[in-house]
Amino acid sequence: MDCDNDGTPNQEEVDKGTDPFKKDTDVDGVIDTTEFNDGTNALDPCDLVIEHQTELASLAVWNHGDCDGDGLENGGELKEDTDKDGLYNFNDPDDDNDGIPSIDEFPDPNDDESDSDGHDANYNGIPDYL
């Protein structure tokens with residue numbers, strides 16, 4: 001039996017610690033079965049293959065999260081890898097790889113969940129955290 005219709009039988013979900021009544025236990029937009037197949041953690045909303053996000057209701061919640069703790073929402077950093085280190089910015093605590101955590105470079109000083117007001121010490125039009 002597969003109560004959530006995600007392709008993984010209930011008992012297997014219970015054995016793996018996921019919820020057999022929720023397609024997307026960790027609410028990251030990727031259904032549990034896809035996470036099992038991807039080798040990502042279906043209990044960690046920050047461990048995912050971003051291209052496999054298909055659950056729109058979960059994705060809306062995930063977009064408002066902050067996986068890397070830099071003060072910017074996941075959805076705003078979605079498919080950017082500013083420093084080309086192989087980590088999308090949503091999961092990279094140092095978006096520009098300068099050794100200073102992005103949160104310390106004031107990416108969102110007025111807490112409006114947008115980097116449009118990010119600190120730009122040299123006035124080059126690029127926020128310091130990028």
# chains A, B, ... in the order shown; residues from 1 in each chain; ligands from 1
>>> residues_around(residues="Glu12 of chain A", least_positions_apart="4", cutoff="12 Å", atoms="only C-alpha atoms", output="list of chain:residue names")
A:Met1, A:Asp2, A:Cys3, A:Asp6, A:Gly7, A:Thr8, A:Lys16, A:Gly17, A:Thr18, A:Asp19, A:Pro20, A:Asp32, A:Thr33, A:Phe36
>>> write_last_selection(atoms="C-alpha atoms", output="short mmCIF file (atom, residue, chain, number, x, y, z; two decimals), in the first residue's frame")
data_model
loop_
_atom_site.label_atom_id
_atom_site.label_comp_id
_atom_site.auth_asym_id
_atom_site.auth_seq_id
_atom_site.Cartn_x
_atom_site.Cartn_y
_atom_site.Cartn_z
CA MET A 1 0.00 0.00 0.00
CA ASP A 2 1.18 3.54 -0.82
CA CYS A 3 -1.15 6.01 0.93
CA ASP A 6 4.61 8.83 -4.14
CA GLY A 7 5.78 5.46 -5.44
CA THR A 8 7.21 4.13 -2.16
CA LYS A 16 13.23 5.13 6.24
CA GLY A 17 11.63 7.58 8.67
CA THR A 18 9.48 9.43 6.14
CA ASP A 19 5.75 10.03 6.44
CA PRO A 20 3.70 7.53 4.40
CA ASP A 32 10.20 11.29 -1.13
CA THR A 33 10.63 8.56 -3.77
CA PHE A 36 15.47 8.14 -2.35
#
>>> residues_around(residues="His64 of chain A", least_positions_apart="2", cutoff="6 Å", atoms="only C-alpha atoms", output="number ranges by chain")
A: 61-62, 73
>>> residues_around(residues="Asp28 of chain A", least_positions_apart="4", cutoff="6 Å", atoms="only C-alpha atoms", output="PyMOL selection string")
chain A and resi 45+58-59+62
>>> residues_around(residues="Asp96 of chain A", least_positions_apart="5", cutoff="9 Å", atoms="only C-alpha atoms", output="list in words")
Asp81, Thr82, Asp83, Lys84, Asn89, Pro101, Ser102, Asp128, Tyr129 and Leu130 of chain A
>>> select_by_dssp(residues="chain A", states="alpha helix (DSSP H)", output="VMD selection string")
chain A and resid 10 to 16 32 to 38 56 to 63 74 to 77
>>> closest_residue(among="A:Glu80, A:His119, A:Gly39, A:Leu48", to="Asp104 of chain A", atoms="only C-alpha atoms")
A:His119
>>> atom_distance(atom1="atom CA of Gln53 of chain A", atom2="atom CA of Asp24 of chain A")
10.0 Å
>>> atom_distance(atom1="atom CA of Ile126 of chain A", atom2="atom CA of Glu105 of chain A")
11.9 Å
>>> residues_around(residues="Lys79 of chain A", least_positions_apart="5", cutoff="10 Å", atoms="only C-alpha atoms", output="CSV table (one decimal) with all heavy atoms, in the first residue's frame")
chain,number,residue,atom,x,y,z
A,50,ILE,N,17.7,20.3,-7.0
A,50,ILE,CA,16.8,21.4,-7.2
A,50,ILE,C,15.9,21.2,-8.5
A,50,ILE,O,14.8,21.6,-8.5
A,50,ILE,CB,17.5,22.8,-7.1
A,50,ILE,CG1,16.5,23.9,-6.8
A,50,ILE,CG2,18.2,23.0,-8.4
A,50,ILE,CD1,17.2,25.1,-6.3
A,51,GLU,N,16.5,20.6,-9.5
A,51,GLU,CA,15.8,20.4,-10.7
A,51,GLU,C,14.7,19.4,-10.6
A,51,GLU,O,13.8,19.3,-11.4
A,51,GLU,CB,16.8,19.9,-11.8
A,51,GLU,CG,17.8,20.9,-12.3
A,51,GLU,CD,19.0,21.1,-11.3
A,51,GLU,OE1,19.2,20.3,-10.4
A,51,GLU,OE2,19.7,22.1,-11.5
A,74,ASN,N,15.4,31.1,0.3
A,74,ASN,CA,15.9,30.1,-0.7
A,74,ASN,C,15.4,30.5,-2.1
A,74,ASN,O,16.1,30.5,-3.0
A,74,ASN,CB,15.3,28.7,-0.4
A,74,ASN,CG,15.9,28.2,0.9
A,74,ASN,OD1,17.0,28.5,1.3
A,74,ASN,ND2,15.1,27.3,1.5
A,87,LEU,N,28.0,25.0,-5.4
A,87,LEU,CA,26.9,25.0,-4.5
A,87,LEU,C,26.0,26.2,-4.9
A,87,LEU,O,26.5,27.3,-5.1
A,87,LEU,CB,27.4,25.4,-3.1
A,87,LEU,CG,28.2,24.3,-2.3
A,87,LEU,CD1,28.7,24.9,-1.0
A,87,LEU,CD2,27.3,23.1,-2.1
A,88,TYR,N,24.7,25.9,-5.0
A,88,TYR,CA,23.8,27.0,-5.3
A,88,TYR,C,23.8,27.9,-4.1
A,88,TYR,O,24.0,27.5,-2.9
A,88,TYR,CB,22.4,26.4,-5.5
A,88,TYR,CG,22.1,25.8,-6.8
A,88,TYR,CD1,21.7,24.5,-6.9
A,88,TYR,CD2,22.4,26.4,-8.0
A,88,TYR,CE1,21.4,23.9,-8.1
A,88,TYR,CE2,22.1,25.8,-9.2
A,88,TYR,CZ,21.7,24.5,-9.3
A,88,TYR,OH,21.4,23.9,-10.5
A,89,ASN,N,23.6,29.2,-4.3
A,89,ASN,CA,23.7,30.2,-3.2
A,89,ASN,C,22.7,29.8,-2.1
A,89,ASN,O,23.0,30.1,-0.9
A,89,ASN,CB,23.3,31.6,-3.8
A,89,ASN,CG,24.5,32.1,-4.6
A,89,ASN,OD1,25.5,31.6,-4.7
A,89,ASN,ND2,24.2,33.3,-5.1
A,90,PHE,N,21.6,29.2,-2.3
A,90,PHE,CA,20.6,28.9,-1.3
A,90,PHE,C,21.2,28.0,-0.2
A,90,PHE,O,20.8,27.9,0.9
A,90,PHE,CB,19.3,28.4,-1.8
A,90,PHE,CG,19.3,26.9,-2.2
A,90,PHE,CD1,19.1,25.9,-1.2
A,90,PHE,CD2,19.6,26.5,-3.5
A,90,PHE,CE1,19.2,24.6,-1.6
A,90,PHE,CE2,19.6,25.2,-3.8
A,90,PHE,CZ,19.4,24.2,-2.9
>>> closest_residue(among="A:Asp4, A:Asp15, A:Asp120, A:Glu35", to="Thr54 of chain A", atoms="only C-alpha atoms")
A:Glu35
>>> atom_distance(atom1="atom CA of Val49 of chain A", atom2="atom CA of Gly76 of chain A")
16.8 Å
